[in-house]
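Engineer: PDB, N, CA and C atoms, saved as work-v7.pdb, coming up:
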ATOM      1  N   MET A 277     140.122 139.298  54.352  1.00  0.00           N
ATOM      2  CA  MET A 277     139.064 140.033  53.688  1.00  0.00           C
ATOM      3  C   MET A 277     139.544 140.416  52.298  1.00  0.00           C
ATOM      4  N   THR A 278     138.768 140.068  51.330  1.00  0.00           N
ATOM      5  CA  THR A 278     139.144 140.371  49.951  1.00  0.00           C
ATOM      6  C   THR A 278     138.584 141.726  49.548  1.00  0.00           C
ATOM      7  N   MET A 279     139.046 142.213  48.406  1.00  0.00           N
ATOM      8  CA  MET A 279     138.530 143.488  47.905  1.00  0.00           C
ATOM      9  C   MET A 279     137.029 143.391  47.628  1.00  0.00           C
ATOM     10  N   LEU A 280     136.560 142.219  47.195  1.00  0.00           N
ATOM     11  CA  LEU A 280     135.139 142.049  46.934  1.00  0.00           C
ATOM     12  C   LEU A 280     134.335 142.233  48.218  1.00  0.00           C
ATOM     13  N   SER A 281     134.794 141.634  49.306  1.00  0.00           N
ATOM     14  CA  SER A 281     134.064 141.788  50.563  1.00  0.00           C
ATOM     15  C   SER A 281     134.162 143.219  51.088  1.00  0.00           C
ATOM     16  N   LEU A 282     135.288 143.894  50.832  1.00  0.00           N
ATOM     17  CA  LEU A 282     135.418 145.289  51.222  1.00  0.00           C
ATOM     18  C   LEU A 282     134.427 146.150  50.433  1.00  0.00           C
ATOM     19  N   ARG A 283     134.295 145.891  49.135  1.00  0.00           N
ATOM     20  CA  ARG A 283     133.329 146.636  48.310  1.00  0.00           C
ATOM     21  C   ARG A 283     131.901 146.381  48.774  1.00  0.00           C
ATOM     22  N   LEU A 284     131.600 145.136  49.103  1.00  0.00           N
ATOM     23  CA  LEU A 284     130.268 144.799  49.592  1.00  0.00           C
ATOM     24  C   LEU A 284     129.985 145.529  50.903  1.00  0.00           C
ATOM     25  N   SER A 285     130.972 145.548  51.773  1.00  0.00           N
ATOM     26  CA  SER A 285     130.816 146.246  53.048  1.00  0.00           C
ATOM     27  C   SER A 285     130.560 147.733  52.837  1.00  0.00           C
ATOM     28  N   ARG A 286     131.301 148.340  51.921  1.00  0.00           N
ATOM     29  CA  ARG A 286     131.105 149.773  51.627  1.00  0.00           C
ATOM     30  C   ARG A 286     129.736 150.020  51.005  1.00  0.00           C
ATOM     31  N   ALA A 287     129.293 149.120  50.126  1.00  0.00           N
ATOM     32  CA  ALA A 287     127.980 149.282  49.498  1.00  0.00           C
ATOM     33  C   ALA A 287     126.874 149.199  50.545  1.00  0.00           C
ATOM     34  N   LEU A 288     127.003 148.279  51.480  1.00  0.00           N
ATOM     35  CA  LEU A 288     126.014 148.174  52.550  1.00  0.00           C
ATOM     36  C   LEU A 288     126.032 149.408  53.440  1.00  0.00           C
ATOM     37  N   ALA A 289     127.215 149.913  53.720  1.00  0.00           N
ATOM     38  CA  ALA A 289     127.340 151.084  54.578  1.00  0.00           C
ATOM     39  C   ALA A 289     126.712 152.314  53.936  1.00  0.00           C
ATOM     40  N   GLN A 290     126.756 152.407  52.613  1.00  0.00           N
ATOM     41  CA  GLN A 290     126.164 153.560  51.931  1.00  0.00           C
ATOM     42  C   GLN A 290     124.653 153.568  52.066  1.00  0.00           C
ATOM     43  N   GLY A 291     124.061 152.413  52.274  1.00  0.00           N
ATOM     44  CA  GLY A 291     122.620 152.339  52.448  1.00  0.00           C
ATOM     45  C   GLY A 291     122.184 152.654  53.864  1.00  0.00           C
ATOM     46  N   ARG A 292     123.116 152.786  54.775  1.00  0.00           N
ATOM     47  CA  ARG A 292     122.803 153.068  56.177  1.00  0.00           C
ATOM     48  C   ARG A 292     122.861 154.568  56.441  1.00  0.00           C
ATOM     49  N   ALA A 293     122.268 154.957  57.540  1.00  0.00           N
ATOM     50  CA  ALA A 293     122.344 156.363  57.955  1.00  0.00           C
ATOM     51  C   ALA A 293     123.794 156.697  58.289  1.00  0.00           C
ATOM     52  N   GLN A 294     124.186 157.919  57.983  1.00  0.00           N
ATOM     53  CA  GLN A 294     125.559 158.344  58.241  1.00  0.00           C
ATOM     54  C   GLN A 294     125.795 158.453  59.745  1.00  0.00           C
ATOM     55  N   PRO A 295     126.877 157.850  60.246  1.00  0.00           N
ATOM     56  CA  PRO A 295     127.197 158.007  61.669  1.00  0.00           C
ATOM     57  C   PRO A 295     127.628 159.449  61.930  1.00  0.00           C
ATOM     58  N   PRO A 296     127.454 159.918  63.157  1.00  0.00           N
ATOM     59  CA  PRO A 296     127.866 161.294  63.449  1.00  0.00           C
ATOM     60  C   PRO A 296     129.374 161.459  63.285  1.00  0.00           C
ATOM     61  N   SER A 297     129.776 162.644  62.863  1.00  0.00           N
ATOM     62  CA  SER A 297     131.201 162.927  62.705  1.00  0.00           C
ATOM     63  C   SER A 297     131.869 162.973  64.068  1.00  0.00           C
ATOM     64  N   PRO A 298     133.122 162.528  64.142  1.00  0.00           N
ATOM     65  CA  PRO A 298     133.822 162.579  65.426  1.00  0.00           C
ATOM     66  C   PRO A 298     133.998 164.027  65.884  1.00  0.00           C
ATOM     67  N   ARG A 299     133.870 164.247  67.193  1.00  0.00           N
ATOM     68  CA  ARG A 299     133.987 165.600  67.745  1.00  0.00           C
ATOM     69  C   ARG A 299     135.424 166.067  67.785  1.00  0.00           C
ATOM     70  N   ASP A 300     136.348 165.137  67.983  1.00  0.00           N
ATOM     71  CA  ASP A 300     137.752 165.522  68.089  1.00  0.00           C
ATOM     72  C   ASP A 300     138.631 164.349  67.661  1.00  0.00           C
ATOM     73  N   ARG A 301     139.931 164.575  67.687  1.00  0.00           N
ATOM     74  CA  ARG A 301     140.864 163.532  67.228  1.00  0.00           C
ATOM     75  C   ARG A 301     140.836 162.296  68.100  1.00  0.00           C
ATOM     76  N   SER A 302     140.619 162.474  69.395  1.00  0.00           N
ATOM     77  CA  SER A 302     140.617 161.302  70.267  1.00  0.00           C
ATOM     78  C   SER A 302     139.462 160.371  69.926  1.00  0.00           C
ATOM     79  N   GLU A 303     138.302 160.925  69.611  1.00  0.00           N
ATOM     80  CA  GLU A 303     137.158 160.106  69.216  1.00  0.00           C
ATOM     81  C   GLU A 303     137.430 159.417  67.875  1.00  0.00           C
ATOM     82  N   LEU A 304     138.064 160.131  66.963  1.00  0.00           N
ATOM     83  CA  LEU A 304     138.438 159.551  65.673  1.00  0.00           C
ATOM     84  C   LEU A 304     139.418 158.396  65.874  1.00  0.00           C
ATOM     85  N   LEU A 305     140.402 158.590  66.749  1.00  0.00           N
ATOM     86  CA  LEU A 305     141.386 157.532  67.002  1.00  0.00           C
ATOM     87  C   LEU A 305     140.734 156.292  67.593  1.00  0.00           C
ATOM     88  N   VAL A 306     139.795 156.474  68.502  1.00  0.00           N
ATOM     89  CA  VAL A 306     139.096 155.326  69.095  1.00  0.00           C
ATOM     90  C   VAL A 306     138.381 154.532  68.011  1.00  0.00           C
ATOM     91  N   THR A 307     137.685 155.238  67.116  1.00  0.00           N
ATOM     92  CA  THR A 307     136.965 154.573  66.027  1.00  0.00           C
ATOM     93  C   THR A 307     137.932 153.816  65.117  1.00  0.00           C
ATOM     94  N   LEU A 308     139.040 154.475  64.741  1.00  0.00           N
ATOM     95  CA  LEU A 308     140.011 153.824  63.860  1.00  0.00           C
ATOM     96  C   LEU A 308     140.656 152.614  64.525  1.00  0.00           C
ATOM     97  N   LEU A 309     140.954 152.719  65.813  1.00  0.00           N
ATOM     98  CA  LEU A 309     141.559 151.588  66.523  1.00  0.00           C
ATOM     99  C   LEU A 309     140.606 150.402  66.596  1.00  0.00           C
ATOM    100  N   HIS A 310     139.311 150.656  66.808  1.00  0.00           N
ATOM    101  CA  HIS A 310     138.333 149.567  66.823  1.00  0.00           C
ATOM    102  C   HIS A 310     138.244 148.904  65.452  1.00  0.00           C
ATOM    103  N   LYS A 311     138.234 149.727  64.406  1.00  0.00           N
ATOM    104  CA  LYS A 311     138.175 149.173  63.051  1.00  0.00           C
ATOM    105  C   LYS A 311     139.433 148.374  62.727  1.00  0.00           C
ATOM    106  N   ARG A 312     140.607 148.859  63.162  1.00  0.00           N
ATOM    107  CA  ARG A 312     141.849 148.143  62.910  1.00  0.00           C
ATOM    108  C   ARG A 312     141.846 146.802  63.632  1.00  0.00           C
ATOM    109  N   ALA A 313     141.343 146.781  64.867  1.00  0.00           N
ATOM    110  CA  ALA A 313     141.271 145.528  65.617  1.00  0.00           C
ATOM    111  C   ALA A 313     140.344 144.532  64.928  1.00  0.00           C
ATOM    112  N   ALA A 314     139.217 145.018  64.410  1.00  0.00           N
ATOM    113  CA  ALA A 314     138.291 144.141  63.695  1.00  0.00           C
ATOM    114  C   ALA A 314     138.934 143.599  62.425  1.00  0.00           C
ATOM    115  N   ALA A 315     139.667 144.440  61.722  1.00  0.00           N
ATOM    116  CA  ALA A 315     140.355 143.994  60.506  1.00  0.00           C
ATOM    117  C   ALA A 315     141.412 142.943  60.847  1.00  0.00           C
ATOM    118  N   TYR A 316     142.128 143.152  61.938  1.00  0.00           N
ATOM    119  CA  TYR A 316     143.144 142.181  62.367  1.00  0.00           C
ATOM    120  C   TYR A 316     142.485 140.839  62.685  1.00  0.00           C
ATOM    121  N   ASN A 317     141.384 140.890  63.441  1.00  0.00           N
ATOM    122  CA  ASN A 317     140.688 139.655  63.819  1.00  0.00           C
ATOM    123  C   ASN A 317     140.114 138.927  62.608  1.00  0.00           C
ATOM    124  N   ALA A 318     139.762 139.685  61.560  1.00  0.00           N
ATOM    125  CA  ALA A 318     139.213 139.074  60.349  1.00  0.00           C
ATOM    126  C   ALA A 318     140.311 138.609  59.397  1.00  0.00           C
ATOM    127  N   GLY A 319     141.563 138.949  59.701  1.00  0.00           N
ATOM    128  CA  GLY A 319     142.663 138.549  58.831  1.00  0.00           C
ATOM    129  C   GLY A 319     142.772 139.399  57.571  1.00  0.00           C
ATOM    130  N   ALA A 320     142.238 140.613  57.628  1.00  0.00           N
ATOM    131  CA  ALA A 320     142.258 141.512  56.472  1.00  0.00           C
ATOM    132  C   ALA A 320     143.512 142.378  56.533  1.00  0.00           C
ATOM    133  N   ASP A 321     144.614 141.819  56.059  1.00  0.00           N
ATOM    134  CA  ASP A 321     145.904 142.499  56.176  1.00  0.00           C
ATOM    135  C   ASP A 321     145.952 143.824  55.420  1.00  0.00           C
ATOM    136  N   ASP A 322     145.391 143.872  54.212  1.00  0.00           N
ATOM    137  CA  ASP A 322     145.402 145.111  53.425  1.00  0.00           C
ATOM    138  C   ASP A 322     144.591 146.203  54.106  1.00  0.00           C
ATOM    139  N   LEU A 323     143.407 145.836  54.587  1.00  0.00           N
ATOM    140  CA  LEU A 323     142.552 146.803  55.280  1.00  0.00           C
ATOM    141  C   LEU A 323     143.214 147.277  56.563  1.00  0.00           C
ATOM    142  N   GLU A 324     143.838 146.363  57.279  1.00  0.00           N
ATOM    143  CA  GLU A 324     144.519 146.736  58.521  1.00  0.00           C
ATOM    144  C   GLU A 324     145.659 147.721  58.247  1.00  0.00           C
ATOM    145  N   GLU A 325     146.417 147.492  57.192  1.00  0.00           N
ATOM    146  CA  GLU A 325     147.510 148.405  56.843  1.00  0.00           C
ATOM    147  C   GLU A 325     146.969 149.781  56.484  1.00  0.00           C
ATOM    148  N   MET A 326     145.862 149.814  55.738  1.00  0.00           N
ATOM    149  CA  MET A 326     145.245 151.086  55.388  1.00  0.00           C
ATOM    150  C   MET A 326     144.804 151.833  56.652  1.00  0.00           C
ATOM    151  N   LEU A 327     144.229 151.117  57.594  1.00  0.00           N
ATOM    152  CA  LEU A 327     143.786 151.740  58.845  1.00  0.00           C
ATOM    153  C   LEU A 327     144.978 152.198  59.683  1.00  0.00           C
ATOM    154  N   ARG A 328     146.074 151.452  59.661  1.00  0.00           N
ATOM    155  CA  ARG A 328     147.281 151.883  60.378  1.00  0.00           C
ATOM    156  C   ARG A 328     147.778 153.227  59.848  1.00  0.00           C
ATOM    157  N   ASP A 329     147.745 153.395  58.517  1.00  0.00           N
ATOM    158  CA  ASP A 329     148.144 154.677  57.926  1.00  0.00           C
ATOM    159  C   ASP A 329     147.224 155.803  58.377  1.00  0.00           C
ATOM    160  N   GLN A 330     145.924 155.529  58.428  1.00  0.00           N
ATOM    161  CA  GLN A 330     144.974 156.542  58.886  1.00  0.00           C
ATOM    162  C   GLN A 330     145.190 156.881  60.356  1.00  0.00           C
ATOM    163  N   ILE A 331     145.531 155.879  61.165  1.00  0.00           N
ATOM    164  CA  ILE A 331     145.798 156.113  62.584  1.00  0.00           C
ATOM    165  C   ILE A 331     147.028 156.995  62.750  1.00  0.00           C
ATOM    166  N   ARG A 332     148.071 156.707  61.977  1.00  0.00           N
ATOM    167  CA  ARG A 332     149.277 157.552  62.044  1.00  0.00           C
ATOM    168  C   ARG A 332     148.948 158.996  61.690  1.00  0.00           C
ATOM    169  N   TRP A 333     148.117 159.172  60.674  1.00  0.00           N
ATOM    170  CA  TRP A 333     147.742 160.519  60.246  1.00  0.00           C
ATOM    171  C   TRP A 333     146.944 161.237  61.348  1.00  0.00           C
ATOM    172  N   ALA A 334     146.092 160.495  62.052  1.00  0.00           N
ATOM    173  CA  ALA A 334     145.199 161.098  63.049  1.00  0.00           C
ATOM    174  C   ALA A 334     145.878 161.368  64.388  1.00  0.00           C
ATOM    175  N   LEU A 335     147.068 160.835  64.592  1.00  0.00           N
ATOM    176  CA  LEU A 335     147.740 161.070  65.871  1.00  0.00           C
ATOM    177  C   LEU A 335     148.044 162.553  66.044  1.00  0.00           C
ATOM    178  N   PRO A 336     147.831 163.067  67.246  1.00  0.00           N
ATOM    179  CA  PRO A 336     148.116 164.500  67.461  1.00  0.00           C
ATOM    180  C   PRO A 336     149.615 164.763  67.408  1.00  0.00           C
ATOM    181  N   MET A 337     149.944 165.888  66.852  1.00  0.00           N
ATOM    182  CA  MET A 337     151.348 166.291  66.751  1.00  0.00           C
ATOM    183  C   MET A 337     151.590 167.414  67.753  1.00  0.00           C
ATOM    184  N   THR A 338     152.605 167.267  68.580  1.00  0.00           N
ATOM    185  CA  THR A 338     152.947 168.320  69.530  1.00  0.00           C
ATOM    186  C   THR A 338     154.397 168.717  69.305  1.00  0.00           C
ATOM    187  N   ARG A 339     154.655 169.971  69.507  1.00  0.00           N
ATOM    188  CA  ARG A 339     156.021 170.469  69.366  1.00  0.00           C
ATOM    189  C   ARG A 339     156.654 170.477  70.760  1.00  0.00           C
ATOM    190  N   PRO A 340     157.927 170.123  70.850  1.00  0.00           N
ATOM    191  CA  PRO A 340     158.578 170.138  72.165  1.00  0.00           C
ATOM    192  C   PRO A 340     158.685 171.564  72.684  1.00  0.00           C
ATOM    193  N   GLU A 341     158.513 171.690  73.973  1.00  0.00           N
ATOM    194  CA  GLU A 341     158.648 173.000  74.619  1.00  0.00           C
ATOM    195  C   GLU A 341     160.118 173.406  74.600  1.00  0.00           C
ATOM    196  N   PRO A 342     160.416 174.668  74.294  1.00  0.00           N
ATOM    197  CA  PRO A 342     161.818 175.092  74.351  1.00  0.00           C
ATOM    198  C   PRO A 342     162.308 175.073  75.800  1.00  0.00           C
ATOM    199  N   SER A 343     163.521 174.631  75.963  1.00  0.00           N
ATOM    200  CA  SER A 343     164.074 174.581  77.316  1.00  0.00           C
ATOM    201  C   SER A 343     164.424 176.006  77.776  1.00  0.00           C
ATOM    202  N   PRO A 344     164.437 176.246  79.081  1.00  0.00           N
ATOM    203  CA  PRO A 344     164.712 177.582  79.592  1.00  0.00           C
ATOM    204  C   PRO A 344     166.098 178.102  79.180  1.00  0.00           C
ATOM    205  N   SER A 345     167.024 177.237  78.879  1.00  0.00           N
ATOM    206  CA  SER A 345     168.365 177.682  78.514  1.00  0.00           C
ATOM    207  C   SER A 345     168.462 178.172  77.072  1.00  0.00           C
ATOM    208  N   ASP A 346     167.378 177.969  76.263  1.00  0.00           N
ATOM    209  CA  ASP A 346     167.402 178.413  74.849  1.00  0.00           C
ATOM    210  C   ASP A 346     167.163 179.879  74.705  1.00  0.00           C
TER
END
Take the structure I supplied and represent it as structure tokens, if you would.
Structural biologist:
Amino acid sequence: MTMLSLRLSRALAQGRAQPPSPRDRSELLVTLLHKRAAAYNAGADDLEEMLRDQIRWALPMTRPEPSPSD
């Protein structure tokens, strides 16, 4: 996928109704993973890398529980 096709895709998307916002991170991750898979299947390496960065950002962060000996 070239930048031209990415721009065309974004221009078409702007003419569509806005999809509902994700309710939580898990819903956001599902959407990003589907988009990344589509980019991979289309051979859009740049778009796939961009989506991988977004997926990393959207992953939940948890802190380890302190052990009882602490």
Engineer: Residues near region 295-302 of chain A, anyone? I mean within 12 Å using only C-alpha atoms, not counting same-chain ones fewer than 6 positions away, as an mmCIF file with N, CA and C atoms, in the frame of the given file.
Structural biologist:
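Heads up, here's the output in selection.cif:
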data_model
loop_
_atom_site.group_PDB
_atom_site.id
_atom_site.type_symbol
_atom_site.label_atom_id
_atom_site.label_comp_id
_atom_site.auth_asym_id
_atom_site.auth_seq_id
_atom_site.Cartn_x
_atom_site.Cartn_y
_atom_site.Cartn_z
ATOM 1 N N ALA A 289 127.215 149.913 53.720
ATOM 2 C CA ALA A 289 127.340 151.084 54.578
ATOM 3 C C ALA A 289 126.712 152.314 53.936
ATOM 4 N N LEU A 308 139.040 154.475 64.741
ATOM 5 C CA LEU A 308 140.011 153.824 63.860
ATOM 6 C C LEU A 308 140.656 152.614 64.525
ATOM 7 N N LEU A 309 140.954 152.719 65.813
ATOM 8 C CA LEU A 309 141.559 151.588 66.523
ATOM 9 C C LEU A 309 140.606 150.402 66.596
ATOM 10 N N GLN A 330 145.924 155.529 58.428
ATOM 11 C CA GLN A 330 144.974 156.542 58.886
ATOM 12 C C GLN A 330 145.190 156.881 60.356
ATOM 13 N N ILE A 331 145.531 155.879 61.165
ATOM 14 C CA ILE A 331 145.798 156.113 62.584
ATOM 15 C C ILE A 331 147.028 156.995 62.750
ATOM 16 N N ARG A 332 148.071 156.707 61.977
ATOM 17 C CA ARG A 332 149.277 157.552 62.044
ATOM 18 C C ARG A 332 148.948 158.996 61.690
ATOM 19 N N TRP A 333 148.117 159.172 60.674
ATOM 20 C CA TRP A 333 147.742 160.519 60.246
ATOM 21 C C TRP A 333 146.944 161.237 61.348
ATOM 22 N N ALA A 334 146.092 160.495 62.052
ATOM 23 C CA ALA A 334 145.199 161.098 63.049
ATOM 24 C C ALA A 334 145.878 161.368 64.388
ATOM 25 N N LEU A 335 147.068 160.835 64.592
ATOM 26 C CA LEU A 335 147.740 161.070 65.871
ATOM 27 C C LEU A 335 148.044 162.553 66.044
ATOM 28 N N PRO A 336 147.831 163.067 67.246
ATOM 29 C CA PRO A 336 148.116 164.500 67.461
ATOM 30 C C PRO A 336 149.615 164.763 67.408
ATOM 31 N N MET A 337 149.944 165.888 66.852
ATOM 32 C CA MET A 337 151.348 166.291 66.751
ATOM 33 C C MET A 337 151.590 167.414 67.753
#
Engineer: Could you tell me how far atom N of Arg339 (chain A) sits from atom C of Arg312 (chain A), in Å to one decimal place?
Structural biologist: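 The value is 27.1 Å.
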Engineer: Quick one: pull the distance between CA of Gln290 (chain A) and CA of Ala315 (chain A), Å, one decimal.
Structural biologist: 19.1 Å
Engineer: Looking only at the backbone, which of the residues in chain A does DSSP tag as helix (DSSP H, G or I), as a ChimeraX atom specification?
Structural biologist: /A:279-290,301-318,321-334
Engineer: Would you compute the distance between CA of Leu304 (chain A) and CA of Pro342 (chain A)? Give it in Å to one decimal.
Structural biologist: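 According to the coordinates, CA of Leu304 (chain A) and CA of Pro342 (chain A) are separated by 29.4 Å.
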Engineer: To test your reading of the syntax: which residues would the PyMOL selection byres (((chain A and resi 324 and name CA) around 10) and name CA) return for the file shown? Reply as a PyMOL selection string.
Structural biologist: chain A and resi 277+308-309+311-323+325-330
Engineer: Please determine an axis-aligned box that encloses all atoms of region 335-346 of chain A listed in the file, with 6 Å added on each side, and express its centre and edge lengths in Å to one decimal as AutoDock Vina command-line options.
Structural biologist:
--center_x 157.8 --center_y 170.4 --center_z 72.1 --size_x 33.4 --size_y 31.0 --size_z 27.0
